[in-house]
$ cat query-v8.txt   # compact mmCIF, C-alpha atoms
# COMPACT_ATOMS: atom_id res chain seq x y z
CA MET A 1 31.13 4.58 -23.59
CA ILE A 2 30.69 8.22 -24.62
CA SER A 3 27.60 9.61 -22.88
CA HIS A 4 28.09 13.36 -23.17
CA ILE A 5 29.70 15.81 -25.61
CA ASN A 6 30.63 19.33 -24.58
CA GLY A 7 32.58 21.36 -27.12
CA HIS A 8 32.55 23.80 -30.01
CA LEU A 9 30.07 23.42 -32.89
CA ILE A 10 32.08 23.79 -36.08
CA GLU A 11 29.94 22.29 -38.85
CA ILE A 12 26.35 21.25 -39.67
CA ILE A 13 25.86 18.79 -42.54
CA GLY A 14 22.24 17.73 -42.98
CA ASN A 15 21.30 15.98 -39.75
CA ARG A 16 24.96 15.57 -38.74
CA ILE A 17 27.20 17.96 -36.87
CA VAL A 18 30.88 18.15 -36.04
CA VAL A 19 31.85 19.21 -32.53
CA ASP A 20 35.42 20.13 -31.66
CA VAL A 21 36.43 18.78 -28.26
CA GLY A 22 40.01 19.56 -27.34
CA GLY A 23 41.14 19.65 -30.97
CA ILE A 24 39.34 16.44 -31.97
CA GLY A 25 36.27 16.68 -34.22
CA TYR A 26 33.42 14.36 -33.20
CA GLU A 27 30.70 13.72 -35.79
CA LEU A 28 27.21 13.12 -34.37
CA GLU A 29 23.91 12.27 -36.03
CA LEU A 30 21.03 14.14 -34.37
CA THR A 31 17.29 13.90 -33.95
CA SER A 32 15.23 16.71 -35.47
CA THR A 33 14.62 18.08 -31.96
CA ALA A 34 18.33 18.35 -31.28
CA LEU A 35 18.90 19.89 -34.73
CA ASN A 36 16.21 22.51 -34.18
CA ASN A 37 17.78 23.47 -30.85
CA LEU A 38 21.28 23.95 -32.25
CA PRO A 39 23.03 27.27 -31.65
CA PRO A 40 24.85 28.99 -34.55
CA THR A 41 28.10 27.43 -35.72
CA SER A 42 31.17 28.54 -33.75
CA SER A 43 29.09 28.37 -30.56
CA ASP A 44 29.67 26.15 -27.54
CA ILE A 45 27.36 23.16 -27.41
CA SER A 46 26.44 20.42 -24.97
CA LEU A 47 24.63 17.22 -25.99
CA TYR A 48 23.81 13.84 -24.53
CA ALA A 49 25.27 11.08 -26.65
CA HIS A 50 25.03 7.39 -27.43
CA PHE A 51 28.02 5.55 -28.90
CA VAL A 52 27.49 2.59 -31.25
CA VAL A 53 30.34 0.30 -32.26
CA ARG A 54 29.84 -1.90 -35.34
CA ASP A 55 32.21 -4.10 -37.29
CA ASP A 56 32.46 -1.47 -40.03
CA ALA A 57 31.94 1.80 -38.12
CA GLN A 58 31.89 3.69 -34.83
CA LEU A 59 28.91 6.02 -34.66
CA LEU A 60 27.81 8.79 -32.31
CA TYR A 61 24.22 9.94 -31.90
CA GLY A 62 23.32 13.22 -30.19
CA PHE A 63 20.27 14.23 -28.15
CA SER A 64 19.00 17.48 -26.67
CA SER A 65 17.71 15.87 -23.48
CA LEU A 66 18.42 12.90 -21.24
CA SER A 67 14.88 11.56 -21.70
CA GLU A 68 15.30 11.65 -25.49
CA ARG A 69 18.46 9.56 -25.22
CA GLU A 70 16.82 7.08 -22.86
CA VAL A 71 13.88 6.59 -25.21
CA PHE A 72 16.36 6.07 -28.08
CA ARG A 73 18.13 3.41 -26.02
CA SER A 74 14.81 1.72 -25.30
CA LEU A 75 13.92 1.73 -28.99
CA ILE A 76 17.16 0.12 -30.18
CA LYS A 77 16.66 -2.73 -27.71
CA ILE A 78 13.62 -3.78 -29.74
CA ASN A 79 14.25 -6.54 -32.26
CA GLY A 80 14.43 -5.04 -35.76
CA VAL A 81 14.87 -1.44 -34.60
CA GLY A 82 18.29 0.00 -35.36
CA PRO A 83 19.64 3.48 -34.64
CA LYS A 84 18.38 4.91 -37.94
CA LEU A 85 14.77 3.86 -37.34
CA ALA A 86 14.98 4.98 -33.71
CA LEU A 87 16.19 8.42 -34.86
CA SER A 88 13.43 8.55 -37.46
CA ILE A 89 10.82 7.79 -34.79
CA LEU A 90 12.15 10.48 -32.45
CA SER A 91 12.38 12.96 -35.34
CA THR A 92 8.75 12.36 -36.35
CA VAL A 93 7.00 11.82 -33.02
CA SER A 94 7.67 13.85 -29.89
CA ILE A 95 8.49 12.01 -26.67
CA THR A 96 5.20 13.25 -25.21
CA GLN A 97 3.29 11.78 -28.15
CA LEU A 98 5.24 8.52 -28.01
CA ILE A 99 4.59 8.03 -24.31
CA SER A 100 0.90 8.82 -24.81
CA CYS A 101 0.76 6.24 -27.61
CA VAL A 102 2.28 3.60 -25.34
CA VAL A 103 0.04 4.40 -22.39
CA ASP A 104 -3.11 4.49 -24.55
CA ASN A 105 -2.02 1.60 -26.81
CA ASP A 106 -2.70 3.82 -29.83
CA PRO A 107 -0.54 2.98 -32.89
CA VAL A 108 -1.94 5.67 -35.20
CA VAL A 109 0.66 8.36 -34.46
CA LEU A 110 3.53 5.91 -35.01
CA THR A 111 2.27 5.18 -38.53
CA GLN A 112 3.38 8.74 -39.42
CA VAL A 113 6.98 7.51 -39.20
CA PRO A 114 8.32 6.71 -42.69
CA GLY A 115 8.40 2.96 -43.23
CA VAL A 116 6.27 2.12 -40.18
CA GLY A 117 2.94 0.48 -40.99
CA ARG A 118 0.17 -0.35 -38.55
CA LYS A 119 1.42 -3.87 -37.76
CA THR A 120 4.92 -2.59 -37.06
CA ALA A 121 3.49 0.26 -34.95
CA GLU A 122 1.46 -2.20 -32.88
CA ARG A 123 4.53 -4.37 -32.29
CA LEU A 124 6.59 -1.32 -31.30
CA LEU A 125 3.97 -0.28 -28.74
CA LEU A 126 3.90 -3.75 -27.23
CA ASP A 127 7.69 -3.87 -26.92
CA LEU A 128 7.96 -0.30 -25.63
CA LYS A 129 5.58 -1.03 -22.75
CA ASN A 130 8.16 -3.50 -21.46
CA LYS A 131 11.27 -1.51 -22.33
CA LEU A 132 10.48 2.12 -21.55
CA ASP A 133 11.43 3.32 -18.10
CA GLN A 134 8.34 3.04 -15.90
CA ASP A 135 9.02 6.41 -14.25
CA LEU A 136 8.98 7.97 -17.72
CA LEU A 137 5.65 6.32 -18.51
CA LYS A 138 4.17 7.68 -15.28
CA GLN A 139 4.99 11.18 -16.51
CA ALA A 140 2.64 10.77 -19.48
CA PRO A 141 0.41 13.84 -19.77
CA LEU A 142 -3.21 13.23 -18.81
CA GLN A 143 -4.56 14.48 -22.13
CA ASN A 144 -7.98 13.42 -23.32
CA MET A 145 -8.67 12.55 -26.95
CA ASN A 146 -9.84 16.10 -27.74
CA ASP A 147 -6.54 17.51 -26.43
CA ARG A 148 -4.50 15.16 -28.60
CA ASP A 149 -6.59 16.01 -31.65
CA ALA A 150 -6.11 19.73 -30.98
CA ILE A 151 -2.33 19.29 -30.61
CA TYR A 152 -2.09 17.30 -33.83
CA GLU A 153 -4.23 19.80 -35.79
CA ALA A 154 -2.18 22.72 -34.46
CA GLU A 155 1.11 21.03 -35.40
CA VAL A 156 -0.17 20.31 -38.92
CA ALA A 157 -1.27 23.93 -39.27
CA LEU A 158 2.16 25.24 -38.26
CA VAL A 159 3.86 22.91 -40.74
CA GLY A 160 1.54 24.36 -43.38
CA LEU A 161 2.77 27.82 -42.38
CA GLY A 162 6.39 26.84 -43.02
CA TYR A 163 7.53 25.33 -39.72
CA LYS A 164 9.65 22.20 -39.78
CA ASN A 165 8.01 19.18 -38.16
CA GLY A 166 10.22 19.31 -35.06
CA GLU A 167 9.78 23.09 -34.75
CA ALA A 168 6.00 22.74 -34.89
CA LYS A 169 5.98 20.06 -32.19
CA LYS A 170 8.18 22.17 -29.90
CA ALA A 171 6.16 25.35 -30.52
CA ILE A 172 2.88 23.66 -29.61
CA ARG A 173 4.39 21.81 -26.65
CA ASP A 174 5.69 25.10 -25.25
CA VAL A 175 2.23 26.72 -25.21
CA TYR A 176 0.09 23.65 -24.46
CA VAL A 177 -2.56 23.94 -21.75
CA ALA A 178 -5.14 21.28 -20.96
CA GLY A 179 -8.43 21.74 -22.79
CA ALA A 180 -7.03 24.19 -25.35
CA THR A 181 -8.46 24.20 -28.87
CA SER A 182 -6.24 23.89 -31.91
CA GLU A 183 -7.04 27.52 -32.80
CA PHE A 184 -5.88 28.68 -29.37
CA LEU A 185 -2.65 26.65 -29.62
CA ILE A 186 -1.86 27.96 -33.10
CA LYS A 187 -2.39 31.60 -32.08
CA ALA A 188 -0.41 31.13 -28.87
CA ALA A 189 2.50 29.53 -30.72
CA LEU A 190 2.56 32.32 -33.33
CA ARG A 191 2.43 35.00 -30.59
CA ALA A 192 5.30 33.29 -28.76
CA ALA A 193 7.38 33.26 -31.93
CA ALA A 194 6.69 36.90 -32.81
CA PRO A 195 9.22 39.61 -31.84
CA ALA A 196 8.35 41.28 -28.55
CA THR A 197 7.80 44.61 -30.29
CA GLY A 198 5.18 43.05 -32.57
CA ALA A 199 3.31 41.07 -29.94
CA GLN A 200 -0.25 42.14 -29.32

$ encode --input "query-v8.txt" --output "C-alpha cells"
Amino acid sequence: MISHINGHLIEIIGNRIVVDVGGIGYELELTSTALNNLPPTSSDISLYAHFVVRDDAQLLYGFSSLSEREVFRSLIKINGVGPKLALSILSTVSITQLISCVVDNDPVVLTQVPGVGRKTAERLLLDLKNKLDQDLLKQAPLQNMNDRDAIYEAEVALVGLGYKNGEAKKAIRDVYVAGATSEFLIKAALRAAAPATGAQ
C-alpha cells in the first residue's frame, strides 16, 4: 500500500500530475483542492495517497490532507461509488460542506455533483453516516442555516469573478467567521487575495 508520496513535481496534465521519486515517475489523479494547492512544476511536493489495484490498471490518487484521503476512502466503501465519483464529490463539495450535509441530513449540496441526483444524494448521506469516522463528524462546524447560505452565496460570487470552484471554496473557508454575511465573506476573501501593497 502506498500512503504517501514525497518527491519532485515534474508534470501537470489536467487533473493528473507526475511526481519523480528517486528516478521513478508516479502518476497521481488529484482532487481539485489538491490541484489548487500545487506548487510550480520543478518544486518539491508532498501528498497523501491512495493506491487502487484493478485487473487492468494500478492507480494512484493524491490528496492535500489526511482528512481528505480518509473521506475518499469512506466514499469508495459505499456500494456504487468508485474512485472517479469519489474524486468528483471531493472536487465539488468541500469536506466541511460534506460533513455538514451528513450531520444535518441535507442532500441538496450533494446534488451539485455531476451525475448525482437527489435520490443518489440521499443514499450517499445515509451510507456516509455509517462509514465516516465519528471523530471527523464531531468536528462538523456549528453553522446555522444562514451561515451556510452566506458561504454558498459567497462561493458562487467568487466563481462569477473568475475563481475556480475549489479556489472559491478555499478562499471563503480561510476567512469564514460565524455569523458573517455573504458580502462580508466576499470582501474578506478578495482582500486576502490582494497584494499586500494594495490592501486597504

$ closest_residue --input "query-v8.txt" --among "A:Met1, A:Leu38, A:Val53, A:Leu125" --to "Ile17 in chain A" --atoms "all atoms listed in the file"
A:Leu38

$ closest_residue --input "query-v8.txt" --among "A:Val93, A:Ile5, A:Ala171, A:Cys101" --to "Gly62 in chain A" --atoms "only C-alpha atoms"
A:Ile5

$ residues_around --input "query-v8.txt" --residues "Asp174 in chain A" --least-positions-apart "5" --cutoff "12 Å" --atoms "all atoms listed in the file" --output "list in words"
Thr96, Ile151, Glu155, Glu167, Ala168, Lys169, Leu185, Ile186, Ala188, Ala189, Leu190, Arg191, Ala192 and Ala193 of chain A

$ residues_around --input "query-v8.txt" --residues "Asn165 in chain A" --least-positions-apart "5" --cutoff "9 Å" --atoms "only C-alpha atoms" --output "ChimeraX atom specification"
/A:32,91-92,155-156,158-159,170

$ atom_distance --input "query-v8.txt" --atom1 "CA of Asn15 in chain A" --atom2 "CA of Ile45 in chain A"
15.5 Å

$ closest_atom_pairs --input "query-v8.txt" --of "range 42-91 of chain A" --to "range 23-28 of chain A" --cutoff "8 Å" --atoms "only C-alpha atoms" --output "CSV"
residue,atom,partner,partner_atom,distance
A:Leu59,CA,A:Leu28,CA,7.3
A:Leu60,CA,A:Leu28,CA,4.8
A:Tyr61,CA,A:Leu28,CA,5.0
A:Gly62,CA,A:Leu28,CA,5.7

$ atom_distance --input "query-v8.txt" --atom1 "CA of Ser67 in chain A" --atom2 "CA of Ser42 in chain A"
26.4 Å

$ closest_residue --input "query-v8.txt" --among "A:Phe72, A:Tyr176, A:Tyr152, A:Tyr48" --to "Asn6 in chain A" --atoms "only C-alpha atoms"
A:Tyr48

$ atom_distance --input "query-v8.txt" --atom1 "CA of Arg123 in chain A" --atom2 "CA of Ala150 in chain A"
26.4 Å

$ residues_around --input "query-v8.txt" --residues "Arg118 in chain A" --least-positions-apart "6" --cutoff "8 Å" --atoms "all atoms listed in the file" --output "number ranges by chain"
A: 107-108, 110-111

$ decode --input "query-v8.txt" --residues "range 55-198 of chain A" --atoms "C-alpha atoms" --output "PDB file, in the first residue's frame"
ATOM      1  CA  ASP A  55      -7.369  -6.208 -13.086  1.00  0.00           C
ATOM      2  CA  ASP A  56      -6.491  -3.768 -15.876  1.00  0.00           C
ATOM      3  CA  ALA A  57      -4.677  -0.972 -14.022  1.00  0.00           C
ATOM      4  CA  GLN A  58      -2.842   0.247 -10.934  1.00  0.00           C
ATOM      5  CA  LEU A  59      -3.956   3.746  -9.995  1.00  0.00           C
ATOM      6  CA  LEU A  60      -2.742   6.370  -7.530  1.00  0.00           C
ATOM      7  CA  TYR A  61      -4.914   9.146  -6.139  1.00  0.00           C
ATOM      8  CA  GLY A  62      -3.440  12.178  -4.367  1.00  0.00           C
ATOM      9  CA  PHE A  63      -4.818  14.363  -1.567  1.00  0.00           C
ATOM     10  CA  SER A  64      -3.721  17.585   0.092  1.00  0.00           C
ATOM     11  CA  SER A  65      -4.769  16.489   3.582  1.00  0.00           C
ATOM     12  CA  LEU A  66      -5.188  13.338   5.628  1.00  0.00           C
ATOM     13  CA  SER A  67      -8.865  14.091   6.256  1.00  0.00           C
ATOM     14  CA  GLU A  68      -9.487  14.418   2.511  1.00  0.00           C
ATOM     15  CA  ARG A  69      -7.983  10.981   1.932  1.00  0.00           C
ATOM     16  CA  GLU A  70      -9.995   9.442   4.761  1.00  0.00           C
ATOM     17  CA  VAL A  71     -13.245  10.838   3.377  1.00  0.00           C
ATOM     18  CA  PHE A  72     -12.277   9.472  -0.063  1.00  0.00           C
ATOM     19  CA  ARG A  73     -11.729   6.044   1.487  1.00  0.00           C
ATOM     20  CA  SER A  74     -15.107   6.246   3.209  1.00  0.00           C
ATOM     21  CA  LEU A  75     -16.795   7.174  -0.069  1.00  0.00           C
ATOM     22  CA  ILE A  76     -15.358   4.285  -2.089  1.00  0.00           C
ATOM     23  CA  LYS A  77     -16.619   1.826   0.528  1.00  0.00           C
ATOM     24  CA  ILE A  78     -20.158   2.761  -0.490  1.00  0.00           C
ATOM     25  CA  ASN A  79     -21.784   0.417  -2.986  1.00  0.00           C
ATOM     26  CA  GLY A  80     -21.773   2.023  -6.435  1.00  0.00           C
ATOM     27  CA  VAL A  81     -19.204   4.699  -5.593  1.00  0.00           C
ATOM     28  CA  GLY A  82     -15.883   4.241  -7.360  1.00  0.00           C
ATOM     29  CA  PRO A  83     -12.757   6.391  -7.193  1.00  0.00           C
ATOM     30  CA  LYS A  84     -13.881   8.666 -10.039  1.00  0.00           C
ATOM     31  CA  LEU A  85     -17.186   9.571  -8.383  1.00  0.00           C
ATOM     32  CA  ALA A  86     -15.459   9.962  -5.013  1.00  0.00           C
ATOM     33  CA  LEU A  87     -12.963  12.388  -6.591  1.00  0.00           C
ATOM     34  CA  SER A  88     -15.802  14.258  -8.278  1.00  0.00           C
ATOM     35  CA  ILE A  89     -17.598  14.634  -4.940  1.00  0.00           C
ATOM     36  CA  LEU A  90     -14.483  15.930  -3.188  1.00  0.00           C
ATOM     37  CA  SER A  91     -13.747  18.267  -6.110  1.00  0.00           C
ATOM     38  CA  THR A  92     -17.250  19.764  -5.999  1.00  0.00           C
ATOM     39  CA  VAL A  93     -18.061  19.803  -2.288  1.00  0.00           C
ATOM     40  CA  SER A  94     -15.614  20.787   0.432  1.00  0.00           C
ATOM     41  CA  ILE A  95     -15.081  18.401   3.345  1.00  0.00           C
ATOM     42  CA  THR A  96     -16.687  20.976   5.643  1.00  0.00           C
ATOM     43  CA  GLN A  97     -19.781  21.082   3.439  1.00  0.00           C
ATOM     44  CA  LEU A  98     -19.908  17.295   3.134  1.00  0.00           C
ATOM     45  CA  ILE A  99     -19.715  16.763   6.883  1.00  0.00           C
ATOM     46  CA  SER A 100     -22.397  19.408   7.442  1.00  0.00           C
ATOM     47  CA  CYS A 101     -24.616  17.639   4.902  1.00  0.00           C
ATOM     48  CA  VAL A 102     -24.201  14.336   6.723  1.00  0.00           C
ATOM     49  CA  VAL A 103     -24.796  15.816  10.173  1.00  0.00           C
ATOM     50  CA  ASP A 104     -27.858  17.785   9.007  1.00  0.00           C
ATOM     51  CA  ASN A 105     -29.110  15.057   6.639  1.00  0.00           C
ATOM     52  CA  ASP A 106     -29.280  17.664   3.863  1.00  0.00           C
ATOM     53  CA  PRO A 107     -28.802  16.212   0.345  1.00  0.00           C
ATOM     54  CA  VAL A 108     -29.101  19.497  -1.558  1.00  0.00           C
ATOM     55  CA  VAL A 109     -25.383  20.341  -1.702  1.00  0.00           C
ATOM     56  CA  LEU A 110     -24.524  16.847  -2.971  1.00  0.00           C
ATOM     57  CA  THR A 111     -26.857  17.313  -5.941  1.00  0.00           C
ATOM     58  CA  GLN A 112     -24.308  19.866  -7.243  1.00  0.00           C
ATOM     59  CA  VAL A 113     -22.009  16.931  -8.034  1.00  0.00           C
ATOM     60  CA  PRO A 114     -22.273  15.992 -11.735  1.00  0.00           C
ATOM     61  CA  GLY A 115     -24.347  12.849 -12.130  1.00  0.00           C
ATOM     62  CA  VAL A 116     -25.702  12.865  -8.570  1.00  0.00           C
ATOM     63  CA  GLY A 117     -29.469  13.299  -8.314  1.00  0.00           C
ATOM     64  CA  ARG A 118     -31.490  13.734  -5.151  1.00  0.00           C
ATOM     65  CA  LYS A 119     -32.150  10.009  -4.627  1.00  0.00           C
ATOM     66  CA  THR A 120     -28.465   9.192  -5.014  1.00  0.00           C
ATOM     67  CA  ALA A 121     -27.544  12.074  -2.692  1.00  0.00           C
ATOM     68  CA  GLU A 122     -29.939  10.792  -0.030  1.00  0.00           C
ATOM     69  CA  ARG A 123     -28.463   7.291  -0.279  1.00  0.00           C
ATOM     70  CA  LEU A 124     -24.921   8.677  -0.037  1.00  0.00           C
ATOM     71  CA  LEU A 125     -25.796  10.604   3.129  1.00  0.00           C
ATOM     72  CA  LEU A 126     -27.298   7.516   4.723  1.00  0.00           C
ATOM     73  CA  ASP A 127     -24.236   5.411   3.927  1.00  0.00           C
ATOM     74  CA  LEU A 128     -21.778   8.126   4.952  1.00  0.00           C
ATOM     75  CA  LYS A 129     -23.325   8.387   8.417  1.00  0.00           C
ATOM     76  CA  ASN A 130     -22.214   4.803   8.996  1.00  0.00           C
ATOM     77  CA  LYS A 131     -18.889   4.984   7.188  1.00  0.00           C
ATOM     78  CA  LEU A 132     -17.383   8.368   8.026  1.00  0.00           C
ATOM     79  CA  ASP A 133     -15.068   8.457  11.011  1.00  0.00           C
ATOM     80  CA  GLN A 134     -17.123   9.555  14.020  1.00  0.00           C
ATOM     81  CA  ASP A 135     -14.349  11.847  15.271  1.00  0.00           C
ATOM     82  CA  LEU A 136     -14.471  13.616  11.907  1.00  0.00           C
ATOM     83  CA  LEU A 137     -18.235  14.042  12.183  1.00  0.00           C
ATOM     84  CA  LYS A 138     -17.847  15.559  15.648  1.00  0.00           C
ATOM     85  CA  GLN A 139     -15.653  18.250  14.109  1.00  0.00           C
ATOM     86  CA  ALA A 140     -18.545  19.495  11.958  1.00  0.00           C
ATOM     87  CA  PRO A 141     -18.791  23.280  12.220  1.00  0.00           C
ATOM     88  CA  LEU A 142     -21.778  24.521  14.202  1.00  0.00           C
ATOM     89  CA  GLN A 143     -23.068  26.692  11.374  1.00  0.00           C
ATOM     90  CA  ASN A 144     -26.698  27.714  11.269  1.00  0.00           C
ATOM     91  CA  MET A 145     -28.676  27.788   8.022  1.00  0.00           C
ATOM     92  CA  ASN A 146     -27.936  31.496   7.479  1.00  0.00           C
ATOM     93  CA  ASP A 147     -24.188  30.809   7.725  1.00  0.00           C
ATOM     94  CA  ARG A 148     -24.371  28.035   5.141  1.00  0.00           C
ATOM     95  CA  ASP A 149     -26.412  30.221   2.805  1.00  0.00           C
ATOM     96  CA  ALA A 150     -23.865  33.034   3.161  1.00  0.00           C
ATOM     97  CA  ILE A 151     -20.965  30.661   2.445  1.00  0.00           C
ATOM     98  CA  TYR A 152     -22.680  29.252  -0.634  1.00  0.00           C
ATOM     99  CA  GLU A 153     -23.593  32.719  -1.979  1.00  0.00           C
ATOM    100  CA  ALA A 154     -20.037  33.963  -1.418  1.00  0.00           C
ATOM    101  CA  GLU A 155     -18.533  30.944  -3.202  1.00  0.00           C
ATOM    102  CA  VAL A 156     -20.875  31.434  -6.171  1.00  0.00           C
ATOM    103  CA  ALA A 157     -19.933  35.116  -6.325  1.00  0.00           C
ATOM    104  CA  LEU A 158     -16.206  34.315  -6.400  1.00  0.00           C
ATOM    105  CA  VAL A 159     -16.736  31.771  -9.175  1.00  0.00           C
ATOM    106  CA  GLY A 160     -18.533  34.530 -11.082  1.00  0.00           C
ATOM    107  CA  LEU A 161     -15.439  36.697 -10.611  1.00  0.00           C
ATOM    108  CA  GLY A 162     -13.214  34.071 -12.233  1.00  0.00           C
ATOM    109  CA  TYR A 163     -12.233  31.790  -9.358  1.00  0.00           C
ATOM    110  CA  LYS A 164     -12.201  28.046  -9.913  1.00  0.00           C
ATOM    111  CA  ASN A 165     -14.703  26.143  -7.777  1.00  0.00           C
ATOM    112  CA  GLY A 166     -12.029  24.728  -5.455  1.00  0.00           C
ATOM    113  CA  GLU A 167     -10.293  28.116  -5.174  1.00  0.00           C
ATOM    114  CA  ALA A 168     -13.559  29.797  -4.200  1.00  0.00           C
ATOM    115  CA  LYS A 169     -14.285  27.203  -1.507  1.00  0.00           C
ATOM    116  CA  LYS A 170     -10.790  27.562  -0.035  1.00  0.00           C
ATOM    117  CA  ALA A 171     -10.890  31.376  -0.158  1.00  0.00           C
ATOM    118  CA  ILE A 172     -14.180  31.531   1.726  1.00  0.00           C
ATOM    119  CA  ARG A 173     -13.166  28.815   4.188  1.00  0.00           C
ATOM    120  CA  ASP A 174      -9.998  30.754   5.029  1.00  0.00           C
ATOM    121  CA  VAL A 175     -11.915  33.909   6.003  1.00  0.00           C
ATOM    122  CA  TYR A 176     -15.068  32.334   7.453  1.00  0.00           C
ATOM    123  CA  VAL A 177     -16.330  33.612  10.806  1.00  0.00           C
ATOM    124  CA  ALA A 178     -19.614  32.597  12.410  1.00  0.00           C
ATOM    125  CA  GLY A 179     -22.498  34.922  11.595  1.00  0.00           C
ATOM    126  CA  ALA A 180     -20.752  36.589   8.652  1.00  0.00           C
ATOM    127  CA  THR A 181     -22.829  37.775   5.695  1.00  0.00           C
ATOM    128  CA  SER A 182     -22.007  36.740   2.155  1.00  0.00           C
ATOM    129  CA  GLU A 183     -20.955  40.331   1.401  1.00  0.00           C
ATOM    130  CA  PHE A 184     -18.500  40.292   4.303  1.00  0.00           C
ATOM    131  CA  LEU A 185     -17.047  36.934   3.206  1.00  0.00           C
ATOM    132  CA  ILE A 186     -16.630  38.064  -0.403  1.00  0.00           C
ATOM    133  CA  LYS A 187     -14.855  41.283   0.596  1.00  0.00           C
ATOM    134  CA  ALA A 188     -12.663  39.463   3.110  1.00  0.00           C
ATOM    135  CA  ALA A 189     -11.660  36.837   0.549  1.00  0.00           C
ATOM    136  CA  LEU A 190     -10.818  39.489  -2.061  1.00  0.00           C
ATOM    137  CA  ARG A 191      -8.772  41.481   0.493  1.00  0.00           C
ATOM    138  CA  ALA A 192      -6.892  38.326   1.478  1.00  0.00           C
ATOM    139  CA  ALA A 193      -6.077  37.609  -2.161  1.00  0.00           C
ATOM    140  CA  ALA A 194      -4.930  41.159  -2.935  1.00  0.00           C
ATOM    141  CA  PRO A 195      -1.191  42.016  -2.845  1.00  0.00           C
ATOM    142  CA  ALA A 196      -0.137  43.472   0.492  1.00  0.00           C
ATOM    143  CA  THR A 197       0.729  46.795  -1.131  1.00  0.00           C
ATOM    144  CA  GLY A 198      -2.803  47.113  -2.495  1.00  0.00           C
TER     145      GLY A 198
END
